[in-house]
Amino acid sequence: MKKIIILSLTMLLLVPSMLWAGDLPSAEKVIDKYIEATGGLEVYEKHDAMKAVGSFSMPAMGISAKLEVIKQAPDKTYTAIVSDAFGNMEEGFDGTVAWEKSMMTGSKIKTGSELAMTRRTSQFNLMGVWKEFYQSATNLGIELVDGVECYKVEMVPNEGEGEPELNYYAVDSGLLLKTSAVIVNEMGRITVDAYMLDYRKSEGVTAPYKIRQVLMGMQEMVLTFETQTFDVEVPEGTFDLPEDVKALLEKK
């Protein structure tokens, strides 16, 4: 079975037909509108932990599994997928080490641009501090995403930390509807498109409750959340490295 890649986050691909606007707002203004549309910095900063519970599925294969994501400010994250079909999968970031493990592929420590991407997506409030992780952001024009006009914003990571990413923000609502990114790891160069759907408001934060991811234009995965709860009590040890990951570190 091919390795399954799970992302919390937010990436994109070039699409040929583009509608250009005469007077485009700057990328910074587009991002600011997104922040306000999803709650605002004041709301973001009053929360310091989040837990999301739902399901992970691969429709073409008829596979479904339980999904849990826990994040803690400023940059810790843990994701678990529990499945009888392909075994459990876990990944995490403790602020320094990014890792993943599964019954199919074993354990690994992320390095290079893959580590840098995990560091970005693990930020509790990435868009609020985006200038720390990206050297530039440019509004490239207006493009349709599922029939909705969106500003296509190119985000260029800091030097040596990955390829440019694309974020598509709805012109009217300001919400992020699509991302495209490239992951480079031992499997090669992998393109990932993610579509953000079913936005809902919880404790002042507006977020997608469904994320559809497409790898290499073929493999589809769907993350559907039932609840997203903020300021939860995070159990001690949630972000600790598993013993087999510690063993890999010791070998380096």
# chains A, B, ... in the order shown; residues from 1 in each chain; ligands from 1
call {"tool": "closest_atom_pairs", "arguments": {"of": "stretch 97-140 of chain A", "to": "stretch 63-82 of chain A", "cutoff": "7 Å", "atoms": "only C-alpha atoms", "output": "JSON lines"}}
result
{"residue": "A:Ser122", "atom": "CA", "partner": "A:Asp75", "partner_atom": "CA", "distance": 5.0}
{"residue": "A:Gln123", "atom": "CA", "partner": "A:Asp75", "partner_atom": "CA", "distance": 4.3}
{"residue": "A:Phe124", "atom": "CA", "partner": "A:Ala73", "partner_atom": "CA", "distance": 5.2}
call {"tool": "residues_around", "arguments": {"residues": "stretch 40-45 of chain A", "least_positions_apart": "6", "cutoff": "12 Å", "atoms": "only C-alpha atoms", "output": "MDAnalysis selection string"}}
result
chainID A and resid 31:34 72:74 123:129 201:207 230:231
call {"tool": "write_last_selection", "arguments": {"atoms": "N, CA and C atoms", "output": "mmCIF file, in the first residue's frame"}}
result
data_model
loop_
_atom_site.group_PDB
_atom_site.id
_atom_site.type_symbol
_atom_site.label_atom_id
_atom_site.label_comp_id
_atom_site.auth_asym_id
_atom_site.auth_seq_id
_atom_site.Cartn_x
_atom_site.Cartn_y
_atom_site.Cartn_z
ATOM 1 N N ILE A 31 -4.182 38.749 3.669
ATOM 2 C CA ILE A 31 -3.958 37.926 4.861
ATOM 3 C C ILE A 31 -4.619 38.562 6.078
ATOM 4 N N ASP A 32 -4.521 39.885 6.194
ATOM 5 C CA ASP A 32 -5.166 40.579 7.316
ATOM 6 C C ASP A 32 -6.682 40.368 7.293
ATOM 7 N N LYS A 33 -7.266 40.382 6.078
ATOM 8 C CA LYS A 33 -8.714 40.163 5.966
ATOM 9 C C LYS A 33 -9.073 38.743 6.396
ATOM 10 N N TYR A 34 -8.224 37.780 6.027
ATOM 11 C CA TYR A 34 -8.437 36.393 6.446
ATOM 12 C C TYR A 34 -8.400 36.274 7.972
ATOM 13 N N GLN A 72 -0.854 22.987 20.863
ATOM 14 C CA GLN A 72 -0.612 23.845 22.025
ATOM 15 C C GLN A 72 0.354 24.958 21.631
ATOM 16 N N ALA A 73 0.029 26.169 22.048
ATOM 17 C CA ALA A 73 0.884 27.308 21.734
ATOM 18 C C ALA A 73 2.241 27.157 22.423
ATOM 19 N N PRO A 74 3.334 27.603 21.794
ATOM 20 C CA PRO A 74 3.290 28.287 20.492
ATOM 21 C C PRO A 74 3.382 27.371 19.274
ATOM 22 N N GLN A 123 2.600 25.907 14.057
ATOM 23 C CA GLN A 123 2.382 27.172 14.753
ATOM 24 C C GLN A 123 0.912 27.317 15.130
ATOM 25 N N PHE A 124 0.656 27.665 16.360
ATOM 26 C CA PHE A 124 -0.733 27.781 16.821
ATOM 27 C C PHE A 124 -1.467 28.894 16.078
ATOM 28 N N ASN A 125 -0.735 29.921 15.689
ATOM 29 C CA ASN A 125 -1.323 31.038 14.968
ATOM 30 C C ASN A 125 -0.370 31.446 13.854
ATOM 31 N N LEU A 126 -0.242 30.598 12.827
ATOM 32 C CA LEU A 126 0.749 30.827 11.787
ATOM 33 C C LEU A 126 0.537 32.150 11.061
ATOM 34 N N MET A 127 -0.691 32.446 10.636
ATOM 35 C CA MET A 127 -0.902 33.651 9.854
ATOM 36 C C MET A 127 -0.681 34.918 10.669
ATOM 37 N N GLY A 128 -0.812 34.810 11.981
ATOM 38 C CA GLY A 128 -0.550 35.969 12.824
ATOM 39 C C GLY A 128 0.918 36.315 12.910
ATOM 40 N N VAL A 129 1.777 35.320 12.621
ATOM 41 C CA VAL A 129 3.234 35.529 12.699
ATOM 42 C C VAL A 129 3.909 35.100 11.393
ATOM 43 N N LYS A 201 -17.999 28.474 13.343
ATOM 44 C CA LYS A 201 -17.431 29.301 14.398
ATOM 45 C C LYS A 201 -17.514 28.579 15.729
ATOM 46 N N SER A 202 -16.390 28.516 16.440
ATOM 47 C CA SER A 202 -16.339 27.883 17.756
ATOM 48 C C SER A 202 -15.456 28.717 18.674
ATOM 49 N N GLU A 203 -16.024 29.192 19.744
ATOM 50 C CA GLU A 203 -15.291 29.978 20.737
ATOM 51 C C GLU A 203 -14.564 31.158 20.107
ATOM 52 N N GLY A 204 -15.247 31.788 19.150
ATOM 53 C CA GLY A 204 -14.720 32.981 18.518
ATOM 54 C C GLY A 204 -13.862 32.729 17.298
ATOM 55 N N VAL A 205 -13.485 31.483 17.045
ATOM 56 C CA VAL A 205 -12.609 31.143 15.921
ATOM 57 C C VAL A 205 -13.425 30.466 14.817
ATOM 58 N N THR A 206 -13.314 30.968 13.604
ATOM 59 C CA THR A 206 -13.975 30.368 12.451
ATOM 60 C C THR A 206 -12.968 29.504 11.706
ATOM 61 N N ALA A 207 -13.281 28.216 11.556
ATOM 62 C CA ALA A 207 -12.323 27.275 10.968
ATOM 63 C C ALA A 207 -13.050 26.237 10.126
ATOM 64 N N PHE A 230 -11.337 24.660 22.202
ATOM 65 C CA PHE A 230 -10.158 25.442 22.572
ATOM 66 C C PHE A 230 -9.928 25.457 24.079
ATOM 67 N N ASP A 231 -8.671 25.766 24.440
ATOM 68 C CA ASP A 231 -8.254 25.874 25.841
ATOM 69 C C ASP A 231 -8.534 24.594 26.623
#
call {"tool": "residues_around", "arguments": {"residues": "A:Glu163", "least_positions_apart": "5", "cutoff": "9 Å", "atoms": "only C-alpha atoms", "output": "PDB file with C-alpha atoms, in the first residue's frame"}}
result
ATOM      1  CA  SER A 113      12.263  21.268   4.080  1.00  0.00           C
ATOM      2  CA  MET A 155       3.965  32.503   0.069  1.00  0.00           C
ATOM      3  CA  VAL A 156       7.737  31.964  -0.223  1.00  0.00           C
ATOM      4  CA  PRO A 157       9.276  30.214   2.814  1.00  0.00           C
ATOM      5  CA  ALA A 181       2.222  22.915  -1.612  1.00  0.00           C
ATOM      6  CA  VAL A 182       5.106  20.604  -2.434  1.00  0.00           C
ATOM      7  CA  ILE A 183       6.521  18.129   0.065  1.00  0.00           C
TER       8      ILE A 183
END
call {"tool": "closest_residue", "arguments": {"among": "A:Ala37, A:Asp48, A:Asp23, A:Gly217", "to": "A:Glu233", "atoms": "only C-alpha atoms"}}
result
A:Asp48
call {"tool": "closest_residue", "arguments": {"among": "A:Asp84, A:Ala52, A:Ile35, A:Leu215", "to": "A:Arg189", "atoms": "only C-alpha atoms"}}
result
A:Leu215
call {"tool": "select_by_dssp", "arguments": {"residues": "stretch 12-216 of chain A", "states": "strand (DSSP E)", "output": "PyMOL selection string"}}
result
chain A and resi 49-58+63-72+76-82+89-93+98-102+106-109+134-145+148-157+165-170+176-185+188-202+205-215
call {"tool": "atom_distance", "arguments": {"atom1": "atom CA of A:Lys101", "atom2": "atom CA of A:Asn88"}}
result
8.5 Å
call {"tool": "residues_around", "arguments": {"residues": "A:Ala27", "least_positions_apart": "3", "cutoff": "8 Å", "atoms": "only C-alpha atoms", "output": "ChimeraX atom specification"}}
result
/A:30-31,137-139,153
call {"tool": "write_last_selection", "arguments": {"atoms": "N, CA and C atoms", "output": "PDB file, in the first residue's frame"}}
result
ATOM      1  N   VAL A  30      -4.702  41.003   2.105  1.00  0.00           N
ATOM      2  CA  VAL A  30      -5.521  39.797   1.936  1.00  0.00           C
ATOM      3  C   VAL A  30      -5.402  38.902   3.170  1.00  0.00           C
ATOM      4  N   ILE A  31      -4.182  38.749   3.669  1.00  0.00           N
ATOM      5  CA  ILE A  31      -3.958  37.926   4.861  1.00  0.00           C
ATOM      6  C   ILE A  31      -4.619  38.562   6.078  1.00  0.00           C
ATOM      7  N   ALA A 137       5.330  37.481   0.427  1.00  0.00           N
ATOM      8  CA  ALA A 137       3.971  37.074   0.057  1.00  0.00           C
ATOM      9  C   ALA A 137       3.523  38.003  -1.061  1.00  0.00           C
ATOM     10  N   THR A 138       2.990  37.422  -2.143  1.00  0.00           N
ATOM     11  CA  THR A 138       2.628  38.210  -3.318  1.00  0.00           C
ATOM     12  C   THR A 138       1.243  37.819  -3.811  1.00  0.00           C
ATOM     13  N   ASN A 139       0.395  38.799  -4.050  1.00  0.00           N
ATOM     14  CA  ASN A 139      -0.921  38.543  -4.627  1.00  0.00           C
ATOM     15  C   ASN A 139      -0.755  38.422  -6.132  1.00  0.00           C
ATOM     16  N   VAL A 153      -2.461  33.909  -3.521  1.00  0.00           N
ATOM     17  CA  VAL A 153      -1.316  34.498  -2.831  1.00  0.00           C
ATOM     18  C   VAL A 153      -0.171  33.493  -2.759  1.00  0.00           C
TER      19      VAL A 153
END
call {"tool": "atom_distance", "arguments": {"atom1": "atom CA of A:Asn185", "atom2": "atom CA of A:Lys131"}}
result
24.9 Å
